[in-house]
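Next comes run_3.csv, with CSV, C-alpha atoms.
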```csv
chain,number,residue,atom,x,y,z
O,1,MET,CA,-78.4,26.0,36.3
O,2,GLY,CA,-78.2,23.1,38.9
O,3,LYS,CA,-81.0,21.8,41.0
O,4,SER,CA,-81.8,20.6,44.5
O,5,HIS,CA,-80.4,17.3,45.6
O,6,ASP,CA,-83.9,16.4,46.6
O,7,SER,CA,-85.5,16.3,43.2
O,8,GLY,CA,-84.7,15.0,39.7
O,9,TRP,CA,-84.8,12.0,37.4
O,10,SER,CA,-83.2,8.6,38.0
O,11,MET,CA,-82.2,6.6,34.9
O,12,PRO,CA,-82.3,2.7,34.9
O,13,LEU,CA,-79.1,0.8,35.5
O,14,LEU,CA,-77.3,-1.1,32.8
O,15,LYS,CA,-78.5,-4.6,32.1
O,16,GLN,CA,-75.2,-6.3,33.0
O,17,THR,CA,-74.0,-9.3,34.8
O,18,VAL,CA,-70.9,-9.0,37.1
O,19,ALA,CA,-68.8,-11.8,38.6
O,20,PHE,CA,-66.7,-10.5,41.5
O,21,GLY,CA,-64.1,-12.4,43.5
O,22,ILE,CA,-64.6,-15.6,41.4
O,23,PRO,CA,-61.4,-17.0,39.8
O,24,ILE,CA,-61.2,-16.6,36.1
O,25,THR,CA,-61.0,-20.4,35.7
O,26,GLU,CA,-64.6,-20.6,37.0
O,27,ALA,CA,-66.1,-17.3,36.0
O,28,LEU,CA,-65.1,-17.3,32.3
O,29,PRO,CA,-66.5,-20.7,31.3
O,30,GLU,CA,-69.8,-19.8,33.0
O,31,ALA,CA,-69.9,-16.4,31.2
O,32,VAL,CA,-69.3,-18.1,27.8
O,33,LYS,CA,-72.1,-20.6,28.6
O,34,ARG,CA,-74.5,-17.8,29.5
O,35,LEU,CA,-73.8,-16.0,26.2
O,36,SER,CA,-73.9,-19.2,24.1
O,37,ALA,CA,-70.7,-18.2,22.4
O,38,ARG,CA,-68.5,-20.7,20.4
O,39,ARG,CA,-65.9,-18.6,18.5
O,40,LEU,CA,-64.4,-15.9,20.7
O,41,VAL,CA,-61.8,-13.3,19.7
O,42,VAL,CA,-59.6,-12.0,22.6
O,43,VAL,CA,-58.8,-8.2,22.3
O,44,THR,CA,-55.9,-6.9,24.4
O,45,THR,CA,-52.6,-5.0,24.5
O,46,ASN,CA,-49.2,-6.2,23.3
O,47,SER,CA,-48.0,-6.3,26.9
O,48,LEU,CA,-50.7,-8.8,27.9
O,49,ALA,CA,-50.5,-10.9,24.7
O,50,GLY,CA,-46.9,-12.2,25.1
O,51,PRO,CA,-45.9,-15.6,26.4
O,52,GLY,CA,-47.2,-16.2,29.9
O,53,GLY,CA,-49.5,-13.1,29.6
O,54,LEU,CA,-53.1,-12.9,30.6
O,55,ALA,CA,-54.3,-13.5,27.0
O,56,GLU,CA,-52.6,-16.9,27.1
O,57,THR,CA,-54.3,-17.6,30.4
O,58,VAL,CA,-57.7,-16.7,28.9
O,59,SER,CA,-57.2,-18.6,25.7
O,60,LYS,CA,-56.4,-21.8,27.7
O,61,VAL,CA,-59.5,-21.3,29.8
O,62,LEU,CA,-61.6,-20.9,26.6
O,63,GLY,CA,-60.1,-24.1,25.1
O,64,PRO,CA,-61.8,-25.0,21.8
O,65,LYS,CA,-64.0,-21.9,21.9
O,66,PHE,CA,-60.9,-19.7,21.5
O,67,HIS,CA,-60.7,-18.3,18.0
O,68,ALA,CA,-57.9,-15.6,17.9
O,69,VAL,CA,-56.0,-12.9,19.8
O,70,VAL,CA,-56.0,-9.4,18.5
O,71,ALA,CA,-53.3,-7.3,20.3
O,72,GLY,CA,-51.7,-3.9,20.0
O,73,VAL,CA,-54.7,-1.8,21.2
O,74,ARG,CA,-53.5,1.8,21.7
O,75,PRO,CA,-54.6,4.4,24.2
O,76,HIS,CA,-57.4,6.9,23.8
O,77,THR,CA,-59.3,4.7,21.2
O,78,PRO,CA,-58.3,6.3,17.9
O,79,ARG,CA,-60.7,5.8,15.1
O,80,GLY,CA,-58.1,3.9,13.0
O,81,GLU,CA,-57.6,1.4,15.8
O,82,VAL,CA,-61.4,0.9,16.1
O,83,ALA,CA,-61.6,0.2,12.4
O,84,ARG,CA,-58.8,-2.4,12.8
O,85,ILE,CA,-60.5,-4.2,15.6
O,86,ALA,CA,-63.9,-4.1,13.9
O,87,LYS,CA,-62.4,-5.9,10.9
O,88,ALA,CA,-60.7,-8.5,13.2
O,89,LEU,CA,-64.1,-9.4,14.7
O,90,GLU,CA,-65.4,-10.8,11.4
O,91,GLY,CA,-66.4,-14.4,11.9
O,92,ALA,CA,-66.5,-14.2,15.7
O,93,ASP,CA,-69.7,-14.9,17.7
O,94,GLY,CA,-68.2,-13.4,20.9
O,95,VAL,CA,-65.4,-11.1,22.1
O,96,VAL,CA,-63.4,-11.0,25.3
O,97,ALA,CA,-61.6,-7.8,26.2
O,98,ILE,CA,-58.7,-8.0,28.6
O,99,GLY,CA,-57.0,-4.8,29.8
O,100,GLY,CA,-57.9,-1.3,30.8
O,101,GLY,CA,-60.2,1.4,29.6
O,102,SER,CA,-58.8,1.8,26.1
O,103,VAL,CA,-59.1,-1.9,25.4
O,104,CYS,CA,-62.7,-1.9,26.6
O,105,ASP,CA,-63.6,1.3,24.8
O,106,THR,CA,-62.1,0.1,21.6
O,107,THR,CA,-64.0,-3.1,21.7
O,108,LYS,CA,-67.2,-1.2,22.5
O,109,ALA,CA,-66.7,1.1,19.5
O,110,ALA,CA,-65.7,-1.8,17.2
O,111,ARG,CA,-68.9,-3.7,18.0
O,112,LEU,CA,-70.9,-0.6,17.3
O,113,CYS,CA,-69.2,-0.1,13.9
O,114,ARG,CA,-69.7,-3.8,12.9
O,115,ALA,CA,-73.4,-3.5,13.7
O,116,ASN,CA,-73.7,-0.5,11.4
O,117,GLY,CA,-71.4,-1.7,8.6
O,118,ILE,CA,-68.7,0.9,9.3
O,119,ILE,CA,-65.3,-0.4,8.3
O,120,ASP,CA,-63.2,2.8,8.1
O,121,PRO,CA,-62.5,5.9,10.2
O,122,VAL,CA,-64.4,8.3,8.0
O,123,GLY,CA,-67.4,6.1,8.1
O,124,MET,CA,-67.6,6.8,11.8
O,125,ASP,CA,-68.9,10.3,11.0
O,126,ARG,CA,-72.2,8.5,10.7
O,127,LEU,CA,-72.3,8.1,14.5
O,128,ARG,CA,-73.3,11.0,16.7
O,129,PRO,CA,-71.4,12.3,19.7
O,130,TYR,CA,-73.7,12.8,22.6
O,131,ASN,CA,-72.8,16.5,23.0
O,132,ILE,CA,-73.4,17.4,19.3
O,133,PRO,CA,-77.1,17.9,18.2
O,134,GLU,CA,-76.4,17.5,14.5
O,135,GLY,CA,-75.8,14.1,13.0
O,136,PRO,CA,-77.6,10.8,12.5
O,137,GLU,CA,-80.8,10.2,14.4
O,138,PRO,CA,-80.4,7.6,17.2
O,139,ASP,CA,-83.1,5.4,15.8
O,140,ARG,CA,-81.1,5.0,12.6
O,141,THR,CA,-78.2,3.5,14.5
O,142,ILE,CA,-78.2,-0.2,15.0
O,143,PHE,CA,-77.1,-1.1,18.5
O,144,PRO,CA,-74.4,-3.7,18.9
O,145,SER,CA,-75.4,-7.3,19.8
O,146,LEU,CA,-72.1,-9.3,19.5
O,147,PRO,CA,-71.7,-11.0,22.9
O,148,PHE,CA,-69.1,-9.2,24.9
O,149,ILE,CA,-67.2,-10.3,28.1
O,150,ALA,CA,-64.8,-7.8,29.8
O,151,ILE,CA,-61.9,-8.8,32.1
O,152,PRO,CA,-60.6,-5.5,33.5
O,153,THR,CA,-57.0,-5.3,34.7
O,154,THR,CA,-57.2,-1.6,35.8
O,155,LEU,CA,-59.7,0.5,37.7
O,156,SER,CA,-60.8,2.8,34.8
O,157,ALA,CA,-64.4,1.3,35.1
O,158,SER,CA,-65.0,1.7,31.4
O,159,GLU,CA,-66.6,-1.7,31.4
O,160,PHE,CA,-69.5,-0.4,33.5
O,161,SER,CA,-70.4,2.5,31.1
O,162,SER,CA,-72.6,2.6,28.0
O,163,GLY,CA,-70.4,5.4,26.7
O,164,VAL,CA,-67.1,5.4,24.7
O,165,GLY,CA,-64.5,8.1,24.3
O,166,MET,CA,-63.1,7.8,20.7
O,167,THR,CA,-60.4,10.0,19.3
O,168,ASP,CA,-60.8,11.5,15.8
O,169,GLU,CA,-57.2,11.8,14.6
O,170,ARG,CA,-58.2,14.6,12.2
O,171,GLY,CA,-58.3,17.0,15.2
O,172,PRO,CA,-57.1,15.4,17.2
O,173,VAL,CA,-60.2,15.6,19.4
O,174,LYS,CA,-61.9,13.1,21.7
O,175,GLN,CA,-65.6,12.6,21.1
O,176,ILE,CA,-67.9,10.8,23.6
O,177,PHE,CA,-70.6,8.5,22.2
O,178,MET,CA,-73.5,7.1,24.2
O,179,TYR,CA,-75.6,4.2,22.9
O,180,PRO,CA,-77.6,1.4,24.5
O,181,GLY,CA,-75.8,-1.9,24.3
O,182,LEU,CA,-72.3,-0.5,24.3
O,183,SER,CA,-71.3,-1.9,27.7
O,184,PRO,CA,-70.1,-5.5,28.1
O,185,ASP,CA,-72.8,-8.2,28.7
O,186,ILE,CA,-70.6,-9.7,31.5
O,187,VAL,CA,-67.8,-8.3,33.5
O,188,ILE,CA,-65.4,-10.5,35.5
O,189,LEU,CA,-63.7,-8.9,38.5
O,190,ASP,CA,-60.9,-11.3,39.5
O,191,PRO,CA,-58.2,-9.6,41.6
O,192,GLU,CA,-55.7,-12.2,40.6
O,193,MET,CA,-55.9,-10.9,37.0
O,194,THR,CA,-54.7,-7.5,38.2
O,195,LYS,CA,-51.4,-8.5,39.7
O,196,GLN,CA,-49.5,-8.1,36.4
O,197,THR,CA,-50.8,-4.5,36.1
O,198,PRO,CA,-47.9,-2.0,36.6
O,199,PRO,CA,-48.3,-0.2,39.9
O,200,ARG,CA,-48.5,3.3,38.4
O,201,LEU,CA,-51.2,2.2,36.0
O,202,TRP,CA,-53.2,0.5,38.8
O,203,SER,CA,-52.9,3.6,41.1
O,204,SER,CA,-53.6,6.2,38.4
O,205,THR,CA,-56.7,4.4,37.1
O,206,GLY,CA,-57.7,4.0,40.7
O,207,MET,CA,-57.5,7.8,41.0
O,208,ARG,CA,-59.8,8.0,37.9
O,209,ALA,CA,-62.3,5.9,39.8
O,210,VAL,CA,-61.9,8.2,42.8
O,211,ASP,CA,-62.6,11.1,40.4
O,212,HIS,CA,-65.8,9.3,39.3
O,213,ALA,CA,-67.0,8.8,42.9
O,214,VAL,CA,-66.2,12.3,44.1
O,215,GLU,CA,-67.5,14.2,41.1
O,216,LEU,CA,-70.7,12.2,41.0
O,217,TRP,CA,-71.2,12.6,44.7
O,218,CYS,CA,-70.7,16.4,44.3
O,219,SER,CA,-72.8,16.6,41.2
O,220,THR,CA,-75.7,19.0,41.0
O,221,TYR,CA,-77.6,16.3,39.1
O,222,GLN,CA,-78.3,13.6,41.7
O,223,SER,CA,-80.5,10.6,42.6
O,224,PRO,CA,-80.7,8.4,45.7
O,225,PHE,CA,-78.9,5.7,43.8
O,226,SER,CA,-76.0,7.9,42.6
O,227,GLU,CA,-75.5,9.2,46.2
O,228,ALA,CA,-75.3,5.7,47.7
O,229,TYR,CA,-73.0,4.3,45.0
O,230,SER,CA,-70.7,7.3,44.9
O,231,LEU,CA,-70.2,7.7,48.7
O,232,TYR,CA,-69.6,3.9,49.3
O,233,ALA,CA,-67.2,3.9,46.3
O,234,ALA,CA,-65.1,6.6,47.8
O,235,ARG,CA,-65.1,4.8,51.2
O,236,LEU,CA,-63.7,1.7,49.5
O,237,LEU,CA,-61.3,3.3,47.1
O,238,ILE,CA,-59.4,5.9,49.1
O,239,PRO,CA,-58.0,3.5,51.8
O,240,SER,CA,-57.8,0.5,49.6
O,241,LEU,CA,-55.6,2.2,47.0
O,242,GLN,CA,-53.1,3.0,49.7
O,243,ARG,CA,-53.3,-0.5,51.0
O,244,VAL,CA,-52.5,-2.1,47.6
O,245,PHE,CA,-49.6,0.3,47.2
O,246,ASP,CA,-48.2,-0.7,50.6
O,247,ALA,CA,-49.1,-4.5,50.1
O,248,PRO,CA,-49.4,-5.4,46.4
O,249,ASP,CA,-50.3,-9.0,47.2
O,250,ASP,CA,-53.3,-8.2,49.3
O,251,LEU,CA,-56.0,-9.6,47.1
O,252,GLN,CA,-58.9,-8.4,49.3
O,253,ALA,CA,-57.6,-4.8,49.0
O,254,ARG,CA,-57.4,-5.3,45.2
O,255,LEU,CA,-61.0,-6.6,45.1
O,256,ASN,CA,-62.1,-3.7,47.3
O,257,CYS,CA,-60.6,-1.4,44.7
O,258,GLN,CA,-62.4,-3.3,41.9
O,259,LYS,CA,-65.7,-3.1,43.7
O,260,GLY,CA,-65.1,0.6,44.4
O,261,ALA,CA,-64.4,1.3,40.7
O,262,TRP,CA,-67.5,-0.6,39.8
O,263,LEU,CA,-69.7,1.5,42.1
O,264,SER,CA,-67.9,4.7,41.3
O,265,ILE,CA,-69.3,4.9,37.8
O,266,LEU,CA,-72.8,3.7,38.4
O,267,GLY,CA,-74.0,7.1,39.7
O,268,GLY,CA,-73.4,8.3,36.1
O,269,ALA,CA,-75.5,5.4,34.8
O,270,THR,CA,-78.4,6.5,36.9
O,271,GLY,CA,-78.3,10.1,35.6
O,272,ALA,CA,-75.7,12.0,37.7
O,273,LYS,CA,-73.3,14.2,35.8
O,274,ALA,CA,-69.6,14.5,36.5
O,275,GLY,CA,-67.9,17.9,36.6
O,276,ALA,CA,-64.9,19.9,35.4
O,277,SER,CA,-62.2,17.4,36.4
O,278,HIS,CA,-63.8,14.9,33.9
O,279,GLY,CA,-64.3,17.7,31.3
O,280,PHE,CA,-60.6,18.8,31.5
O,281,GLY,CA,-59.6,15.1,31.4
O,282,HIS,CA,-61.4,14.6,28.1
O,283,ALA,CA,-59.6,17.6,26.6
O,284,LEU,CA,-56.2,16.6,28.1
O,285,GLY,CA,-56.6,13.1,26.8
O,286,GLY,CA,-57.7,13.9,23.3
O,287,THR,CA,-55.5,16.9,22.7
O,288,ALA,CA,-52.4,16.2,24.8
O,289,GLY,CA,-52.5,12.4,24.9
O,290,MET,CA,-52.4,12.4,28.7
O,291,PRO,CA,-53.7,9.2,30.4
O,292,HIS,CA,-57.1,9.8,32.1
O,293,GLY,CA,-55.9,8.5,35.4
O,294,GLU,CA,-53.2,11.1,35.5
O,295,THR,CA,-55.6,13.9,34.4
O,296,SER,CA,-57.6,13.1,37.5
O,297,CYS,CA,-54.5,13.3,39.7
O,298,VAL,CA,-53.7,16.8,38.4
O,299,MET,CA,-57.2,18.2,38.0
O,300,LEU,CA,-59.4,16.7,40.7
O,301,PRO,CA,-57.8,18.4,43.7
O,302,ARG,CA,-57.8,21.8,41.9
O,303,VAL,CA,-61.4,21.5,40.8
O,304,LEU,CA,-62.4,20.6,44.4
O,305,ARG,CA,-60.7,23.7,45.6
O,306,TYR,CA,-62.4,25.8,42.9
O,307,ASN,CA,-65.8,24.4,43.9
O,308,GLU,CA,-65.3,24.7,47.7
O,309,CYS,CA,-67.2,28.0,47.8
O,310,VAL,CA,-70.4,26.3,46.6
O,311,ASN,CA,-70.1,22.7,48.0
O,312,ALA,CA,-67.7,22.6,50.9
O,313,GLU,CA,-70.3,20.8,53.1
O,314,ARG,CA,-70.8,18.2,50.4
O,315,GLN,CA,-67.1,17.5,50.1
O,316,ALA,CA,-66.8,17.3,53.9
O,317,VAL,CA,-69.1,14.2,53.9
O,318,ILE,CA,-66.6,12.2,52.0
O,319,ALA,CA,-63.8,13.4,54.2
O,320,SER,CA,-65.7,12.2,57.2
O,321,ALA,CA,-66.6,8.9,55.5
O,322,VAL,CA,-62.9,8.1,55.1
O,323,GLY,CA,-62.1,8.9,58.7
O,324,LYS,CA,-60.6,12.4,58.2
O,325,PRO,CA,-63.3,14.9,59.2
O,326,ASP,CA,-60.9,17.6,60.1
O,327,LYS,CA,-59.2,17.7,56.7
O,328,LYS,CA,-60.4,19.2,53.4
O,329,LEU,CA,-61.2,16.6,50.7
O,330,ALA,CA,-58.8,18.3,48.2
O,331,ASP,CA,-56.0,17.8,50.7
O,332,ILE,CA,-56.9,14.2,51.5
O,333,ILE,CA,-56.9,13.4,47.8
O,334,GLY,CA,-53.7,15.4,47.1
O,335,THR,CA,-51.9,13.5,49.9
O,336,LEU,CA,-53.0,10.2,48.5
O,337,ILE,CA,-51.8,11.1,45.0
O,338,SER,CA,-48.4,12.1,46.5
O,339,ASN,CA,-48.2,8.8,48.5
O,340,LEU,CA,-48.9,6.8,45.4
O,341,GLY,CA,-46.1,8.5,43.5
O,342,LEU,CA,-48.4,10.0,40.9
O,343,PRO,CA,-48.0,13.4,39.1
O,344,GLY,CA,-49.5,16.4,40.8
O,345,ARG,CA,-48.9,18.9,38.0
O,346,LEU,CA,-49.3,18.8,34.2
O,347,ARG,CA,-45.5,19.3,33.8
O,348,ASP,CA,-44.9,16.2,36.0
O,349,ALA,CA,-47.0,14.2,33.5
O,350,GLY,CA,-45.0,15.4,30.5
O,351,VAL,CA,-47.5,17.9,29.2
O,352,SER,CA,-46.0,20.9,27.5
O,353,GLU,CA,-47.1,24.4,28.4
O,354,SER,CA,-47.5,25.1,24.7
O,355,VAL,CA,-50.6,23.0,24.5
O,356,ILE,CA,-52.5,24.8,27.3
O,357,GLU,CA,-54.4,27.0,24.8
O,358,ALA,CA,-55.5,24.1,22.7
O,359,VAL,CA,-56.6,22.1,25.7
O,360,ALA,CA,-58.5,25.1,27.1
O,361,THR,CA,-60.3,25.5,23.8
O,362,ALA,CA,-61.2,21.9,23.7
O,363,ALA,CA,-62.3,21.8,27.3
O,364,ILE,CA,-64.6,24.8,27.1
O,365,HIS,CA,-66.8,22.9,24.6
O,366,ASP,CA,-67.1,19.9,26.9
O,367,PRO,CA,-70.6,20.1,28.6
O,368,LEU,CA,-69.1,18.8,31.9
O,369,LEU,CA,-67.5,22.2,32.5
O,370,ALA,CA,-70.9,23.8,32.3
O,371,SER,CA,-72.4,21.1,34.6
O,372,ASN,CA,-69.7,21.6,37.2
O,373,PRO,CA,-71.1,22.7,40.6
O,374,ARG,CA,-69.4,26.0,40.0
O,375,PRO,CA,-69.8,26.3,36.2
O,376,ILE,CA,-66.8,27.2,34.0
O,377,THR,CA,-68.2,28.9,30.9
O,378,SER,CA,-65.4,31.3,29.8
O,379,LEU,CA,-62.2,30.4,28.0
O,380,ASP,CA,-60.2,32.6,30.3
O,381,ASP,CA,-61.3,30.6,33.4
O,382,ALA,CA,-60.5,27.3,31.7
O,383,ARG,CA,-57.1,28.6,30.7
O,384,GLU,CA,-56.4,30.0,34.2
O,385,LEU,CA,-57.1,26.6,35.8
O,386,LEU,CA,-54.9,24.8,33.4
O,387,LYS,CA,-52.1,27.3,33.9
O,388,GLN,CA,-52.4,26.8,37.7
O,389,ALA,CA,-52.2,23.0,37.0
O,390,TRP,CA,-49.1,23.3,34.9
```

Would you kindly transcribe this structure into structure tokens?
Amino acid sequence: MGKSHDSGWSMPLLKQTVAFGIPITEALPEAVKRLSARRLVVVTTNSLAGPGGLAETVSKVLGPKFHAVVAGVRPHTPRGEVARIAKALEGADGVVAIGGGSVCDTTKAARLCRANGIIDPVGMDRLRPYNIPEGPEPDRTIFPSLPFIAIPTTLSASEFSSGVGMTDERGPVKQIFMYPGLSPDIVILDPEMTKQTPPRLWSSTGMRAVDHAVELWCSTYQSPFSEAYSLYAARLLIPSLQRVFDAPDDLQARLNCQKGAWLSILGGATGAKAGASHGFGHALGGTAGMPHGETSCVMLPRVLRYNECVNAERQAVIASAVGKPDKKLADIIGTLISNLGLPGRLRDAGVSESVIEAVATAAIHDPLLASNPRPITSLDDARELLKQAW
């Protein structure tokens, strides 16, 4: 059962330093100095590791403190990939992650594994997903301490979370782990570093950030902090995403998107819980391999319509905040998704109808469906929403 918006518990924010709007040439040396690091491994994707890529830019800024580049990070943080990165961090006294949510999450998980002497995927069974009561006691897990700098190039906001979504390939199933110390020590938000990001990836991860803001604003588990962060995040993101799409070289709009993504997830850090759009997103990502930004495009408008009967007034506050008080929030977001050229249905994102049953089964075990403002507790209801989305 939910609770009143006027009572509850507020969690402390992450202990994290953020540089925003400062060029990487100034921010990165200062970050390295603050962490007293001297041998830094750069973790990134193949696309950013090539000649003239951002990894090259960062290695030049690091100068003699640059140790190596580890590229090829794959989406959805598979356990095998985490093990590979954990081994590659041997001998480093710091790590710099450049890229989107998968790069950041893989680095988070690799640091956790190194701290606990885990070097293979099966060994990760020693860690405990946050939604499963059985497993190792938290006080038996050593929290990561390897200095960590994140330079995000998308708007997934993984760098502002102490959680990590890791895919167990034996399912496949995506498990969420929450441990203190998982988040980067320092995050550098430089809009110039996002200009190489493909427009679809930028926009879709931006919609993921909108999903964070909207679902945490609509959450039945609230705090004054989460309300302030989430509402202002939505006010920044919704118009700025459209602006970047229309004018890709507008660095102020890009920075506004980055700040919006940052704020969008902080409500969760203070204790607010997301809802069914995130729950379905976990299942679609882990089971169907769908990018999380695109799961938000498909599921958020439908979940908002599903929830209208219990929180229409709450949704209307965001509609008013973005200057469209006469429109429903689901329609505002649906129009934005269409304007950005993003998929509005599962089939448009390449998801086969044949996986709906498996996705519904995975989703119904995700606690965020039960914490949705209008709880989804039956497999039939989950299956029906997914069929409508297909």

Query raised in the report: Which polymer residues have any atom within 9 Å of an atom of Leu329 of chain O, counting all atoms listed in the file, with same-chain residues fewer than 6 positions away left out, as a ChimeraX atom specification?
Result: /O:301,304-305,312,315-319

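The space separating atom CA of Met11 of chain O from atom CA of Lys174 of chain O comes to 25.1 Å.
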
In terms of only C-alpha atoms, the residue from O:Val322, O:Cys218, O:Leu236, O:Ala68 at minimal distance from Ala276 of chain O is O:Cys218

Using only C-alpha atoms, the best pick from O:Thr107, O:Thr77, O:Ser352, O:Asn256 as closest to Gly286 of chain O would be O:Thr77

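Considering the residues O:Ala228, O:Val70, O:Val303, O:Cys113 and counting all atoms listed in the file, Arg126 of chain O has its shortest atom-to-atom contact with O:Cys113.
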
Quick one: everything within 10 Å of segment 370-381 of chain O, counting only C-alpha atoms, minus sequence neighbours fewer than 3 positions away in the same chain. Send it as an MDAnalysis selection string.
chainID O and resid 1:3 215 218:221 273:279 303:304 306:311 357 360:367 384:387

Using all atoms listed in the file, the residue out of O:Asp105, O:Glu192, O:Glu313, O:Asp120 with shortest distance to Glu159 of chain O is O:Asp105

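In this structure, atom CA of Glu30 of chain O sits 16.8 Å away from atom CA of Ile98 of chain O.
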
Env of Asp250 of chain O: 10 Å cut, atoms = only C-alpha atoms, seq-sep filter 6 positions within chain, self excluded. Answer as a PyMOL selection string. chain O and resi 191-192+195+240+243-244

Those residues you just picked out, can you put them in a file as a PDB file, keeping the file's coordinate frame with C-alpha atoms?
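As written to disk, part.pdb reads:
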```
ATOM      1  CA  PRO O 191     -58.200  -9.600  41.600  1.00  0.00           C
ATOM      2  CA  GLU O 192     -55.700 -12.200  40.600  1.00  0.00           C
ATOM      3  CA  LYS O 195     -51.400  -8.500  39.700  1.00  0.00           C
ATOM      4  CA  SER O 240     -57.800   0.500  49.600  1.00  0.00           C
ATOM      5  CA  ARG O 243     -53.300  -0.500  51.000  1.00  0.00           C
ATOM      6  CA  VAL O 244     -52.500  -2.100  47.600  1.00  0.00           C
TER       7      VAL O 244
END
```

Atom pair atom CA of Gly206 of chain O + atom CA of Val41 of chain O, distance 27.5 Å

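With all atoms listed in the file as the atoms that count, the residue of O:Leu89, O:Ile22, O:Ile265, O:Ala288 with the shortest distance to Arg114 of chain O is O:Leu89.
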
For Arg79 of chain O: contacts at 6 Å, only C-alpha atoms, fewer than 6 positions along chain excluded, given as a PyMOL selection string: chain O and resi 121+167-168

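Distances here use all atoms listed in the file; by that measure, the residue among O:Ser203, O:Gln388, O:Asn46, O:Ser156 closest to Leu336 of chain O is O:Ser203.
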
Long-range neighbours of Pro180 of chain O as an MDAnalysis selection string, 10 Å cut-off, all atoms listed in the file, 5 positions minimum in chain: chainID O and resid 14:15 138 142:144 161:163

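Protein, DNA and RNA residues at most 7 Å from (-64.9, -15.0, 25.4), with only C-alpha atoms, are these: Val32, Leu40, Val41, Val42, Leu62, Gly94, Val95, Val96 and Ile149 of chain O.
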